[in-house]
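Below is start_28.txt, holding compact mmCIF, C-alpha atoms.
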# COMPACT_ATOMS: atom_id res chain seq x y z
CA MET E 23 0.00 0.00 0.00
CA GLY E 24 1.36 3.40 -0.99
CA HIS E 25 1.05 6.79 0.61
CA VAL E 26 0.77 10.30 -0.80
CA ILE E 27 1.89 13.33 1.21
CA VAL E 28 0.17 16.68 0.70
CA ASP E 29 1.68 19.85 2.21
CA VAL E 30 -0.43 22.98 2.59
CA MET E 31 0.89 26.34 3.85
CA PRO E 32 -0.71 29.73 4.44
CA LYS E 33 0.00 32.06 1.50
CA PRO E 34 3.05 34.28 2.14
CA GLU E 35 0.91 37.44 2.14
CA ILE E 36 -1.56 36.02 4.69
CA LEU E 37 -0.99 36.71 8.38
CA ASP E 38 -0.33 33.52 10.34
CA PRO E 39 -1.22 34.21 14.00
CA GLN E 40 -0.33 30.69 15.19
CA GLY E 41 3.10 30.95 13.59
CA LYS E 42 3.59 34.40 15.12
CA ALA E 43 2.64 33.07 18.57
CA ILE E 44 5.18 30.25 18.22
CA ALA E 45 7.90 32.66 17.06
CA GLY E 46 7.17 34.81 20.13
CA ALA E 47 7.25 31.85 22.51
CA LEU E 48 10.53 30.30 21.33
CA PRO E 49 12.89 32.86 22.98
CA LYS E 50 10.98 32.46 26.27
CA LEU E 51 11.92 28.76 26.15
CA GLY E 52 15.56 29.73 25.52
CA ILE E 53 15.41 28.77 21.84
CA GLU E 54 17.03 31.57 19.83
CA GLY E 55 17.96 32.18 16.21
CA PHE E 56 14.62 31.91 14.41
CA THR E 57 13.20 35.04 12.80
CA GLU E 58 9.82 33.75 11.59
CA VAL E 59 7.61 30.68 11.96
CA ARG E 60 4.79 29.68 9.59
CA GLN E 61 2.39 26.87 10.46
CA GLY E 62 0.73 24.76 7.79
CA LYS E 63 -0.77 21.31 7.41
CA ARG E 64 0.58 17.96 6.31
CA PHE E 65 -1.71 15.18 5.13
CA VAL E 66 -0.83 11.52 4.59
CA LEU E 67 -3.27 9.73 2.27
CA ALA E 68 -3.15 5.92 2.15
CA VAL E 69 -3.70 4.62 -1.40
CA GLU E 70 -5.22 1.27 -2.41
CA GLY E 71 -2.29 -0.46 -4.13
CA GLU E 72 0.56 1.45 -5.77
CA VAL E 73 0.88 5.23 -6.04
CA THR E 74 0.10 5.66 -9.74
CA ASP E 75 -0.06 8.89 -11.73
CA ALA E 76 -3.85 8.62 -11.45
CA ALA E 77 -3.61 8.39 -7.64
CA LEU E 78 -1.36 11.47 -7.59
CA ALA E 79 -3.84 13.33 -9.81
CA SER E 80 -6.69 12.37 -7.43
CA ALA E 81 -4.61 13.51 -4.46
CA ARG E 82 -3.91 16.83 -6.21
CA GLN E 83 -7.65 17.26 -6.81
CA ALA E 84 -8.33 16.48 -3.13
CA ALA E 85 -5.60 18.92 -2.10
CA GLU E 86 -7.12 21.75 -4.13
CA THR E 87 -10.78 21.14 -3.26
CA LEU E 88 -10.90 19.77 0.28
CA LEU E 89 -7.48 19.91 1.97
CA SER E 90 -6.75 23.58 1.34
CA ASN E 91 -8.63 26.84 1.17
CA PRO E 92 -7.31 28.43 -2.05
CA VAL E 93 -8.14 31.94 -0.82
CA ILE E 94 -5.61 31.80 2.01
CA GLU E 95 -3.51 28.65 1.45
CA ASP E 96 -1.14 27.19 -1.14
CA VAL E 97 -0.74 23.49 -1.90
CA VAL E 98 3.07 23.43 -1.81
CA SER E 99 3.62 19.73 -2.45
CA VAL E 100 1.75 16.58 -3.56
CA ARG E 101 4.14 13.62 -3.74
CA GLU E 102 4.56 9.92 -3.07
CA ALA E 103 5.86 9.28 0.44
CA SER E 104 9.42 7.95 0.29
CA ALA E 105 10.33 4.76 2.12
CA ALA E 106 12.46 6.85 4.50
CA GLU E 107 9.52 9.10 5.40
CA LEU E 108 7.25 6.14 6.16
CA GLU E 109 9.99 4.40 8.12
CA ALA E 110 10.37 7.49 10.31
CA ASP E 111 6.64 7.37 11.05
CA GLN E 112 6.73 3.69 11.89
CA VAL E 113 9.91 3.75 13.95
CA GLN E 114 8.69 6.64 16.05
CA GLY E 115 5.26 5.07 16.39
CA ALA E 116 6.82 1.78 17.48
CA SER E 117 9.03 3.43 20.09
CA ALA E 118 6.09 5.26 21.68
CA MET R 12 18.50 33.10 5.00
CA GLY R 13 17.81 29.39 5.50
CA HIS R 14 14.67 27.56 6.48
CA VAL R 15 14.03 24.46 8.58
CA ILE R 16 10.94 22.31 8.01
CA VAL R 17 9.40 20.42 10.94
CA ASP R 18 6.73 17.76 10.29
CA VAL R 19 4.49 16.58 13.13
CA MET R 20 1.91 13.80 12.81
CA PRO R 21 -0.56 12.22 15.22
CA LYS R 22 0.85 8.94 16.59
CA PRO R 23 -0.42 5.92 14.62
CA GLU R 24 -2.33 4.58 17.64
CA ILE R 25 -4.12 7.91 18.23
CA LEU R 26 -7.52 8.48 16.64
CA ASP R 27 -7.45 11.35 14.12
CA PRO R 28 -11.03 12.66 13.78
CA GLN R 29 -10.09 15.37 11.24
CA GLY R 30 -8.38 12.80 9.04
CA LYS R 31 -11.39 10.48 9.35
CA ALA R 32 -13.76 13.30 8.36
CA ILE R 33 -11.65 14.04 5.27
CA ALA R 34 -11.52 10.35 4.30
CA GLY R 35 -15.32 10.23 4.61
CA ALA R 36 -15.81 13.38 2.53
CA LEU R 37 -13.54 12.44 -0.41
CA PRO R 38 -15.92 9.89 -2.05
CA LYS R 39 -18.77 12.42 -1.81
CA LEU R 40 -16.64 14.75 -3.97
CA GLY R 41 -16.07 11.91 -6.44
CA ILE R 42 -12.48 11.32 -5.30
CA GLU R 43 -12.00 7.58 -4.86
CA GLY R 44 -9.11 5.24 -4.06
CA PHE R 45 -7.92 6.48 -0.65
CA THR R 46 -8.36 4.19 2.33
CA GLU R 47 -7.16 6.45 5.16
CA VAL R 48 -6.21 10.08 5.73
CA ARG R 49 -4.12 11.41 8.62
CA GLN R 50 -3.73 15.13 9.27
CA GLY R 51 -0.64 16.58 10.86
CA LYS R 52 1.22 19.87 10.99
CA ARG R 53 4.05 21.36 8.96
CA PHE R 54 6.14 24.23 10.31
CA VAL R 55 8.61 26.38 8.38
CA LEU R 56 11.15 28.14 10.62
CA ALA R 57 13.22 30.95 9.13
CA VAL R 58 16.81 30.88 10.41
CA GLU R 59 19.14 33.86 10.81
CA GLY R 60 21.90 33.06 8.30
CA GLU R 61 22.75 29.50 7.25
CA VAL R 62 21.08 26.33 8.52
CA THR R 63 23.89 25.00 10.71
CA ASP R 64 23.89 21.83 12.83
CA ALA R 65 23.23 24.09 15.83
CA ALA R 66 20.17 25.58 14.11
CA LEU R 67 18.86 22.09 13.35
CA ALA R 68 19.43 21.08 16.99
CA SER R 69 17.51 24.17 18.14
CA ALA R 70 14.71 23.35 15.70
CA ARG R 71 14.60 19.78 17.03
CA GLN R 72 14.34 21.14 20.58
CA ALA R 73 11.53 23.48 19.48
CA ALA R 74 9.79 20.58 17.71
CA GLU R 75 9.85 18.43 20.83
CA THR R 76 8.90 21.09 23.37
CA LEU R 77 6.58 23.56 21.63
CA LEU R 78 5.58 22.34 18.16
CA SER R 79 4.34 18.89 19.18
CA ASN R 80 2.53 17.26 22.06
CA PRO R 81 4.64 14.15 22.75
CA VAL R 82 1.69 12.33 24.32
CA ILE R 83 -0.27 12.21 21.07
CA GLU R 84 2.13 13.35 18.32
CA ASP R 85 5.39 12.29 16.71
CA VAL R 86 7.99 14.65 15.25
CA VAL R 87 8.51 12.76 11.97
CA SER R 88 11.03 15.10 10.36
CA VAL R 89 13.30 18.07 11.15
CA ARG R 90 15.30 19.04 8.07
CA GLU R 91 16.71 21.94 6.07
CA ALA R 92 14.25 23.09 3.40
CA SER R 93 15.57 22.24 -0.06
CA ALA R 94 15.77 24.94 -2.73
CA ALA R 95 12.98 23.12 -4.62
CA GLU R 96 10.67 23.24 -1.60
CA LEU R 97 11.20 26.96 -1.10
CA GLU R 98 10.82 27.65 -4.81
CA ALA R 99 7.44 25.87 -4.78
CA ASP R 100 6.34 28.15 -1.95
CA GLN R 101 7.52 31.27 -3.79
CA VAL R 102 6.17 30.34 -7.21
CA GLN R 103 2.76 29.50 -5.84
CA GLY R 104 2.79 32.59 -3.67
CA ALA R 105 3.78 34.76 -6.63
CA SER R 106 1.05 33.35 -8.87
CA ALA R 107 -1.68 34.06 -6.29
Same coordinates, now as structure tokens:
Amino acid sequence: MGHVIVDVMPKPEILDPQGKAIAGALPKLGIEGFTEVRQGKRFVLAVEGEVTDAALASARQAAETLLSNPVIEDVVSVREASAAELEADQVQGASA
Amino acid sequence: MGHVIVDVMPKPEILDPQGKAIAGALPKLGIEGFTEVRQGKRFVLAVEGEVTDAALASARQAAETLLSNPVIEDVVSVREASAAELEADQVQGASA
């Protein structure tokens, strides 16, 4: 079974209050050196069978109609999850 | 100026009601072929200067203390943003 990853971020010209709050909180935790934080969304879609071009096209359609609000957000990436990315998920899940 | 990307996902054993709602809505929009959807978060942190090992270590600390709730979420990735990833952001932002 394959997986598709969709990344959605607020458009650069849109204010991101959550990101701003995080950027303001970091120095209070002693974490310095970051000038801006933007918060977006990451979706993992499990595909029946292999990740085909058709599955990627369906995921792109989902990304643009349901997973993002095109007025304020950009779909920055729709791609097949690499083995390394899935392994990271599983390893960290297993160690929990 | 460099950027660090932090990906956070709900742990596999944690119920993800938003992901479930999306998975239920996709067929109603005529988008078929996906068996499960999980929704997580993606953060982009702007770094003063280059993305050094120290900056990545700071980002990892931020990911584990502020950007994720370790009871229900896994930090699945902390990495320097590639040029291609940033270009996607800029191109899509510019075309908006």
Produce the centre coordinates and the three edge lengths, each in Å to one decimal, of the box along x, y and z that contains all listed atoms of stretch 55-69 of chain E with 3 Å added on each side, as lines of an AutoDock Vina configuration file.
center_x = 7.1
center_y = 19.8
center_z = 7.4
size_x = 27.7
size_y = 36.4
size_z = 23.6
| request: Compare E:Ser90, E:Phe65, E:Glu95, E:Leu108 by their minimum atom-to-atom distance to chain R, counting only C-alpha atoms, and give me the closest one. | output: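 Checking each of E:Ser90, E:Phe65, E:Glu95, E:Leu108 against chain R, counting only C-alpha atoms, the winner is E:Phe65.
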Fit result for chain E on chain R over all paired C-alpha atoms, given as a PDB file with C-alpha atoms, keeping the file's coordinate frame:
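Listed below is the output, part_32.pdb:
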ATOM      1  CA  MET E  23      18.521  33.083   5.001  1.00  0.00           C
ATOM      2  CA  GLY E  24      17.813  29.392   5.512  1.00  0.00           C
ATOM      3  CA  HIS E  25      14.677  27.545   6.462  1.00  0.00           C
ATOM      4  CA  VAL E  26      14.031  24.451   8.559  1.00  0.00           C
ATOM      5  CA  ILE E  27      10.939  22.304   8.009  1.00  0.00           C
ATOM      6  CA  VAL E  28       9.406  20.413  10.927  1.00  0.00           C
ATOM      7  CA  ASP E  29       6.721  17.768  10.287  1.00  0.00           C
ATOM      8  CA  VAL E  30       4.491  16.583  13.118  1.00  0.00           C
ATOM      9  CA  MET E  31       1.893  13.795  12.805  1.00  0.00           C
ATOM     10  CA  PRO E  32      -0.574  12.228  15.225  1.00  0.00           C
ATOM     11  CA  LYS E  33       0.823   8.956  16.609  1.00  0.00           C
ATOM     12  CA  PRO E  34      -0.415   5.923  14.631  1.00  0.00           C
ATOM     13  CA  GLU E  35      -2.344   4.587  17.642  1.00  0.00           C
ATOM     14  CA  ILE E  36      -4.132   7.914  18.238  1.00  0.00           C
ATOM     15  CA  LEU E  37      -7.527   8.487  16.637  1.00  0.00           C
ATOM     16  CA  ASP E  38      -7.456  11.348  14.134  1.00  0.00           C
ATOM     17  CA  PRO E  39     -11.036  12.659  13.780  1.00  0.00           C
ATOM     18  CA  GLN E  40     -10.111  15.365  11.245  1.00  0.00           C
ATOM     19  CA  GLY E  41      -8.394  12.799   9.040  1.00  0.00           C
ATOM     20  CA  LYS E  42     -11.386  10.469   9.363  1.00  0.00           C
ATOM     21  CA  ALA E  43     -13.763  13.287   8.371  1.00  0.00           C
ATOM     22  CA  ILE E  44     -11.654  14.024   5.282  1.00  0.00           C
ATOM     23  CA  ALA E  45     -11.514  10.333   4.330  1.00  0.00           C
ATOM     24  CA  GLY E  46     -15.320  10.214   4.614  1.00  0.00           C
ATOM     25  CA  ALA E  47     -15.806  13.354   2.533  1.00  0.00           C
ATOM     26  CA  LEU E  48     -13.539  12.418  -0.389  1.00  0.00           C
ATOM     27  CA  PRO E  49     -15.907   9.860  -2.032  1.00  0.00           C
ATOM     28  CA  LYS E  50     -18.763  12.394  -1.799  1.00  0.00           C
ATOM     29  CA  LEU E  51     -16.629  14.717  -3.954  1.00  0.00           C
ATOM     30  CA  GLY E  52     -16.067  11.864  -6.430  1.00  0.00           C
ATOM     31  CA  ILE E  53     -12.482  11.286  -5.290  1.00  0.00           C
ATOM     32  CA  GLU E  54     -11.981   7.537  -4.846  1.00  0.00           C
ATOM     33  CA  GLY E  55      -9.095   5.219  -4.046  1.00  0.00           C
ATOM     34  CA  PHE E  56      -7.915   6.459  -0.649  1.00  0.00           C
ATOM     35  CA  THR E  57      -8.362   4.167   2.343  1.00  0.00           C
ATOM     36  CA  GLU E  58      -7.165   6.437   5.166  1.00  0.00           C
ATOM     37  CA  VAL E  59      -6.224  10.075   5.732  1.00  0.00           C
ATOM     38  CA  ARG E  60      -4.113  11.395   8.625  1.00  0.00           C
ATOM     39  CA  GLN E  61      -3.757  15.120   9.264  1.00  0.00           C
ATOM     40  CA  GLY E  62      -0.655  16.586  10.867  1.00  0.00           C
ATOM     41  CA  LYS E  63       1.217  19.869  10.968  1.00  0.00           C
ATOM     42  CA  ARG E  64       4.060  21.341   8.966  1.00  0.00           C
ATOM     43  CA  PHE E  65       6.153  24.210  10.290  1.00  0.00           C
ATOM     44  CA  VAL E  66       8.612  26.374   8.359  1.00  0.00           C
ATOM     45  CA  LEU E  67      11.141  28.126  10.612  1.00  0.00           C
ATOM     46  CA  ALA E  68      13.212  30.954   9.109  1.00  0.00           C
ATOM     47  CA  VAL E  69      16.804  30.893  10.409  1.00  0.00           C
ATOM     48  CA  GLU E  70      19.156  33.871  10.802  1.00  0.00           C
ATOM     49  CA  GLY E  71      21.921  33.049   8.310  1.00  0.00           C
ATOM     50  CA  GLU E  72      22.743  29.494   7.237  1.00  0.00           C
ATOM     51  CA  VAL E  73      21.081  26.316   8.502  1.00  0.00           C
ATOM     52  CA  THR E  74      23.880  24.984  10.710  1.00  0.00           C
ATOM     53  CA  ASP E  75      23.886  21.824  12.816  1.00  0.00           C
ATOM     54  CA  ALA E  76      23.240  24.083  15.816  1.00  0.00           C
ATOM     55  CA  ALA E  77      20.167  25.580  14.099  1.00  0.00           C
ATOM     56  CA  LEU E  78      18.872  22.072  13.346  1.00  0.00           C
ATOM     57  CA  ALA E  79      19.439  21.070  16.981  1.00  0.00           C
ATOM     58  CA  SER E  80      17.505  24.173  18.137  1.00  0.00           C
ATOM     59  CA  ALA E  81      14.707  23.353  15.699  1.00  0.00           C
ATOM     60  CA  ARG E  82      14.588  19.774  17.022  1.00  0.00           C
ATOM     61  CA  GLN E  83      14.336  21.134  20.574  1.00  0.00           C
ATOM     62  CA  ALA E  84      11.522  23.477  19.476  1.00  0.00           C
ATOM     63  CA  ALA E  85       9.794  20.587  17.707  1.00  0.00           C
ATOM     64  CA  GLU E  86       9.843  18.418  20.827  1.00  0.00           C
ATOM     65  CA  THR E  87       8.890  21.095  23.366  1.00  0.00           C
ATOM     66  CA  LEU E  88       6.578  23.553  21.623  1.00  0.00           C
ATOM     67  CA  LEU E  89       5.570  22.330  18.150  1.00  0.00           C
ATOM     68  CA  SER E  90       4.328  18.890  19.161  1.00  0.00           C
ATOM     69  CA  ASN E  91       2.530  17.279  22.053  1.00  0.00           C
ATOM     70  CA  PRO E  92       4.632  14.158  22.745  1.00  0.00           C
ATOM     71  CA  VAL E  93       1.672  12.346  24.319  1.00  0.00           C
ATOM     72  CA  ILE E  94      -0.286  12.227  21.066  1.00  0.00           C
ATOM     73  CA  GLU E  95       2.105  13.364  18.303  1.00  0.00           C
ATOM     74  CA  ASP E  96       5.389  12.292  16.713  1.00  0.00           C
ATOM     75  CA  VAL E  97       7.986  14.649  15.255  1.00  0.00           C
ATOM     76  CA  VAL E  98       8.491  12.775  11.974  1.00  0.00           C
ATOM     77  CA  SER E  99      11.008  15.100  10.344  1.00  0.00           C
ATOM     78  CA  VAL E 100      13.291  18.066  11.146  1.00  0.00           C
ATOM     79  CA  ARG E 101      15.306  19.052   8.068  1.00  0.00           C
ATOM     80  CA  GLU E 102      16.695  21.940   6.057  1.00  0.00           C
ATOM     81  CA  ALA E 103      14.240  23.095   3.401  1.00  0.00           C
ATOM     82  CA  SER E 104      15.563  22.236  -0.060  1.00  0.00           C
ATOM     83  CA  ALA E 105      15.780  24.920  -2.725  1.00  0.00           C
ATOM     84  CA  ALA E 106      13.002  23.118  -4.625  1.00  0.00           C
ATOM     85  CA  GLU E 107      10.663  23.234  -1.620  1.00  0.00           C
ATOM     86  CA  LEU E 108      11.208  26.967  -1.108  1.00  0.00           C
ATOM     87  CA  GLU E 109      10.836  27.644  -4.820  1.00  0.00           C
ATOM     88  CA  ALA E 110       7.454  25.898  -4.788  1.00  0.00           C
ATOM     89  CA  ASP E 111       6.350  28.184  -1.954  1.00  0.00           C
ATOM     90  CA  GLN E 112       7.538  31.291  -3.742  1.00  0.00           C
ATOM     91  CA  VAL E 113       6.223  30.393  -7.181  1.00  0.00           C
ATOM     92  CA  GLN E 114       2.788  29.588  -5.837  1.00  0.00           C
ATOM     93  CA  GLY E 115       2.809  32.686  -3.658  1.00  0.00           C
ATOM     94  CA  ALA E 116       3.798  34.833  -6.635  1.00  0.00           C
ATOM     95  CA  SER E 117       1.062  33.416  -8.855  1.00  0.00           C
ATOM     96  CA  ALA E 118      -1.646  34.117  -6.268  1.00  0.00           C
TER      97      ALA E 118
END
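Between chain E and the candidates R:Val87, R:Ala94, R:Leu67, R:Leu26, the tightest atom-to-atom separation, counting all atoms listed in the file, involves R:Val87.
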| message | So that I can check the surroundings of R:Gly35, please list as an NGL selection string every protein, DNA and RNA residue that reaches within 10 Å of it, counting only C-alpha atoms and ignoring chain neighbours fewer than 3 positions away. | response | :R and (29-32 or 38-40 or 45-48)
| task | Show me which bits of chain R are within 9 Å of chain E, counting all atoms listed in the file, as a ChimeraX atom specification. | result | /R:18-20,22-24,30,33-34,36-37,40,42-60,66,69-70,72-73,76-78,82,85-88,96-97,99-101,103-105,107
| Distance in Å - atom CA of R:Glu61 versus atom CA of R:Ala74 |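 Spanning atom CA of R:Glu61 to atom CA of R:Ala74 is a straight-line distance of 18.9 Å.
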| task | For atom CA of R:Val62 and atom CA of E:Ser104, determine how far apart the two atoms are, in Å to one decimal place. | result | 23.3 Å
| atom CA of E:Val100 and atom CA of R:Asp64 are how many Å apart? | 28.0 Å
Please, can stretch 43-54 of chain R be completed to all heavy atoms and returned as a PDB file, in the coordinates of the input?
ATOM      1  N   GLU R  43     -12.016   8.943  -5.373  1.00  0.00           N
ATOM      2  CA  GLU R  43     -12.000   7.580  -4.860  1.00  0.00           C
ATOM      3  C   GLU R  43     -10.563   7.063  -4.750  1.00  0.00           C
ATOM      4  O   GLU R  43      -9.648   7.650  -5.326  1.00  0.00           O
ATOM      5  CB  GLU R  43     -12.786   6.645  -5.804  1.00  0.00           C
ATOM      6  CG  GLU R  43     -14.182   7.115  -6.159  1.00  0.00           C
ATOM      7  CD  GLU R  43     -15.224   6.734  -5.114  1.00  0.00           C
ATOM      8  OE1 GLU R  43     -14.866   5.994  -4.173  1.00  0.00           O
ATOM      9  OE2 GLU R  43     -16.386   7.179  -5.235  1.00  0.00           O
ATOM     10  N   GLY R  44     -10.383   5.954  -4.033  1.00  0.00           N
ATOM     11  CA  GLY R  44      -9.110   5.240  -4.060  1.00  0.00           C
ATOM     12  C   GLY R  44      -8.239   5.459  -2.830  1.00  0.00           C
ATOM     13  O   GLY R  44      -7.152   4.892  -2.740  1.00  0.00           O
ATOM     14  N   PHE R  45      -8.715   6.266  -1.865  1.00  0.00           N
ATOM     15  CA  PHE R  45      -7.920   6.480  -0.650  1.00  0.00           C
ATOM     16  C   PHE R  45      -8.586   5.773   0.524  1.00  0.00           C
ATOM     17  O   PHE R  45      -9.793   5.897   0.736  1.00  0.00           O
ATOM     18  CB  PHE R  45      -7.772   7.978  -0.376  1.00  0.00           C
ATOM     19  CG  PHE R  45      -7.057   8.703  -1.474  1.00  0.00           C
ATOM     20  CD1 PHE R  45      -7.742   9.523  -2.352  1.00  0.00           C
ATOM     21  CD2 PHE R  45      -5.690   8.527  -1.656  1.00  0.00           C
ATOM     22  CE1 PHE R  45      -7.084  10.167  -3.391  1.00  0.00           C
ATOM     23  CE2 PHE R  45      -5.025   9.163  -2.697  1.00  0.00           C
ATOM     24  CZ  PHE R  45      -5.718   9.983  -3.556  1.00  0.00           C
ATOM     25  N   THR R  46      -7.797   5.006   1.257  1.00  0.00           N
ATOM     26  CA  THR R  46      -8.360   4.190   2.330  1.00  0.00           C
ATOM     27  C   THR R  46      -8.255   4.861   3.698  1.00  0.00           C
ATOM     28  O   THR R  46      -8.991   4.525   4.614  1.00  0.00           O
ATOM     29  CB  THR R  46      -7.633   2.830   2.403  1.00  0.00           C
ATOM     30  OG1 THR R  46      -6.222   3.078   2.531  1.00  0.00           O
ATOM     31  CG2 THR R  46      -7.896   2.030   1.138  1.00  0.00           C
ATOM     32  N   GLU R  47      -7.326   5.800   3.856  1.00  0.00           N
ATOM     33  CA  GLU R  47      -7.160   6.450   5.160  1.00  0.00           C
ATOM     34  C   GLU R  47      -6.498   7.802   4.940  1.00  0.00           C
ATOM     35  O   GLU R  47      -5.685   7.959   4.016  1.00  0.00           O
ATOM     36  CB  GLU R  47      -6.283   5.604   6.089  1.00  0.00           C
ATOM     37  CG  GLU R  47      -6.342   6.045   7.540  1.00  0.00           C
ATOM     38  CD  GLU R  47      -5.260   5.407   8.426  1.00  0.00           C
ATOM     39  OE1 GLU R  47      -4.469   4.589   7.925  1.00  0.00           O
ATOM     40  OE2 GLU R  47      -5.204   5.759   9.617  1.00  0.00           O
ATOM     41  N   VAL R  48      -6.858   8.777   5.762  1.00  0.00           N
ATOM     42  CA  VAL R  48      -6.210  10.080   5.730  1.00  0.00           C
ATOM     43  C   VAL R  48      -5.804  10.438   7.163  1.00  0.00           C
ATOM     44  O   VAL R  48      -6.593  10.238   8.096  1.00  0.00           O
ATOM     45  CB  VAL R  48      -7.152  11.175   5.173  1.00  0.00           C
ATOM     46  CG1 VAL R  48      -6.468  12.542   5.182  1.00  0.00           C
ATOM     47  CG2 VAL R  48      -7.614  10.833   3.763  1.00  0.00           C
ATOM     48  N   ARG R  49      -4.580  10.917   7.315  1.00  0.00           N
ATOM     49  CA  ARG R  49      -4.120  11.410   8.620  1.00  0.00           C
ATOM     50  C   ARG R  49      -3.696  12.862   8.430  1.00  0.00           C
ATOM     51  O   ARG R  49      -3.031  13.199   7.456  1.00  0.00           O
ATOM     52  CB  ARG R  49      -2.919  10.618   9.144  1.00  0.00           C
ATOM     53  CG  ARG R  49      -3.083   9.117   9.167  1.00  0.00           C
ATOM     54  CD  ARG R  49      -3.823   8.596  10.361  1.00  0.00           C
ATOM     55  NE  ARG R  49      -3.096   8.739  11.618  1.00  0.00           N
ATOM     56  CZ  ARG R  49      -3.641   8.476  12.806  1.00  0.00           C
ATOM     57  NH1 ARG R  49      -4.904   8.069  12.899  1.00  0.00           N
ATOM     58  NH2 ARG R  49      -2.947   8.623  13.917  1.00  0.00           N
ATOM     59  N   GLN R  50      -4.091  13.716   9.362  1.00  0.00           N
ATOM     60  CA  GLN R  50      -3.730  15.130   9.270  1.00  0.00           C
ATOM     61  C   GLN R  50      -2.736  15.508  10.351  1.00  0.00           C
ATOM     62  O   GLN R  50      -2.970  15.271  11.537  1.00  0.00           O
ATOM     63  CB  GLN R  50      -4.980  16.023   9.401  1.00  0.00           C
ATOM     64  CG  GLN R  50      -4.613  17.505   9.349  1.00  0.00           C
ATOM     65  CD  GLN R  50      -5.800  18.439   9.265  1.00  0.00           C
ATOM     66  OE1 GLN R  50      -6.914  18.016   9.013  1.00  0.00           O
ATOM     67  NE2 GLN R  50      -5.557  19.720   9.474  1.00  0.00           N
ATOM     68  N   GLY R  51      -1.639  16.097   9.921  1.00  0.00           N
ATOM     69  CA  GLY R  51      -0.640  16.580  10.860  1.00  0.00           C
ATOM     70  C   GLY R  51      -0.314  18.037  10.591  1.00  0.00           C
ATOM     71  O   GLY R  51      -1.080  18.741   9.941  1.00  0.00           O
ATOM     72  N   LYS R  52       0.827  18.468  11.107  1.00  0.00           N
ATOM     73  CA  LYS R  52       1.220  19.870  10.990  1.00  0.00           C
ATOM     74  C   LYS R  52       2.585  19.976  10.320  1.00  0.00           C
ATOM     75  O   LYS R  52       3.433  19.093  10.458  1.00  0.00           O
ATOM     76  CB  LYS R  52       1.282  20.508  12.386  1.00  0.00           C
ATOM     77  CG  LYS R  52      -0.085  20.616  13.041  1.00  0.00           C
ATOM     78  CD  LYS R  52      -0.014  21.273  14.413  1.00  0.00           C
ATOM     79  CE  LYS R  52       0.548  20.335  15.456  1.00  0.00           C
ATOM     80  NZ  LYS R  52       0.476  20.889  16.824  1.00  0.00           N
ATOM     81  N   ARG R  53       2.774  21.079   9.607  1.00  0.00           N
ATOM     82  CA  ARG R  53       4.050  21.360   8.960  1.00  0.00           C
ATOM     83  C   ARG R  53       4.447  22.779   9.352  1.00  0.00           C
ATOM     84  O   ARG R  53       3.659  23.709   9.201  1.00  0.00           O
ATOM     85  CB  ARG R  53       3.887  21.276   7.442  1.00  0.00           C
ATOM     86  CG  ARG R  53       5.147  21.547   6.622  1.00  0.00           C
ATOM     87  CD  ARG R  53       4.802  21.390   5.150  1.00  0.00           C
ATOM     88  NE  ARG R  53       5.945  21.336   4.266  1.00  0.00           N
ATOM     89  CZ  ARG R  53       6.393  22.382   3.557  1.00  0.00           C
ATOM     90  NH1 ARG R  53       5.814  23.548   3.665  1.00  0.00           N
ATOM     91  NH2 ARG R  53       7.422  22.249   2.744  1.00  0.00           N
ATOM     92  N   PHE R  54       5.646  22.917   9.892  1.00  0.00           N
ATOM     93  CA  PHE R  54       6.140  24.230  10.310  1.00  0.00           C
ATOM     94  C   PHE R  54       7.340  24.594   9.443  1.00  0.00           C
ATOM     95  O   PHE R  54       8.184  23.748   9.147  1.00  0.00           O
ATOM     96  CB  PHE R  54       6.599  24.209  11.769  1.00  0.00           C
ATOM     97  CG  PHE R  54       5.509  23.833  12.741  1.00  0.00           C
ATOM     98  CD1 PHE R  54       5.324  22.514  13.115  1.00  0.00           C
ATOM     99  CD2 PHE R  54       4.664  24.795  13.280  1.00  0.00           C
ATOM    100  CE1 PHE R  54       4.321  22.162  14.016  1.00  0.00           C
ATOM    101  CE2 PHE R  54       3.663  24.457  14.178  1.00  0.00           C
ATOM    102  CZ  PHE R  54       3.491  23.133  14.542  1.00  0.00           C
TER     103      PHE R  54
END
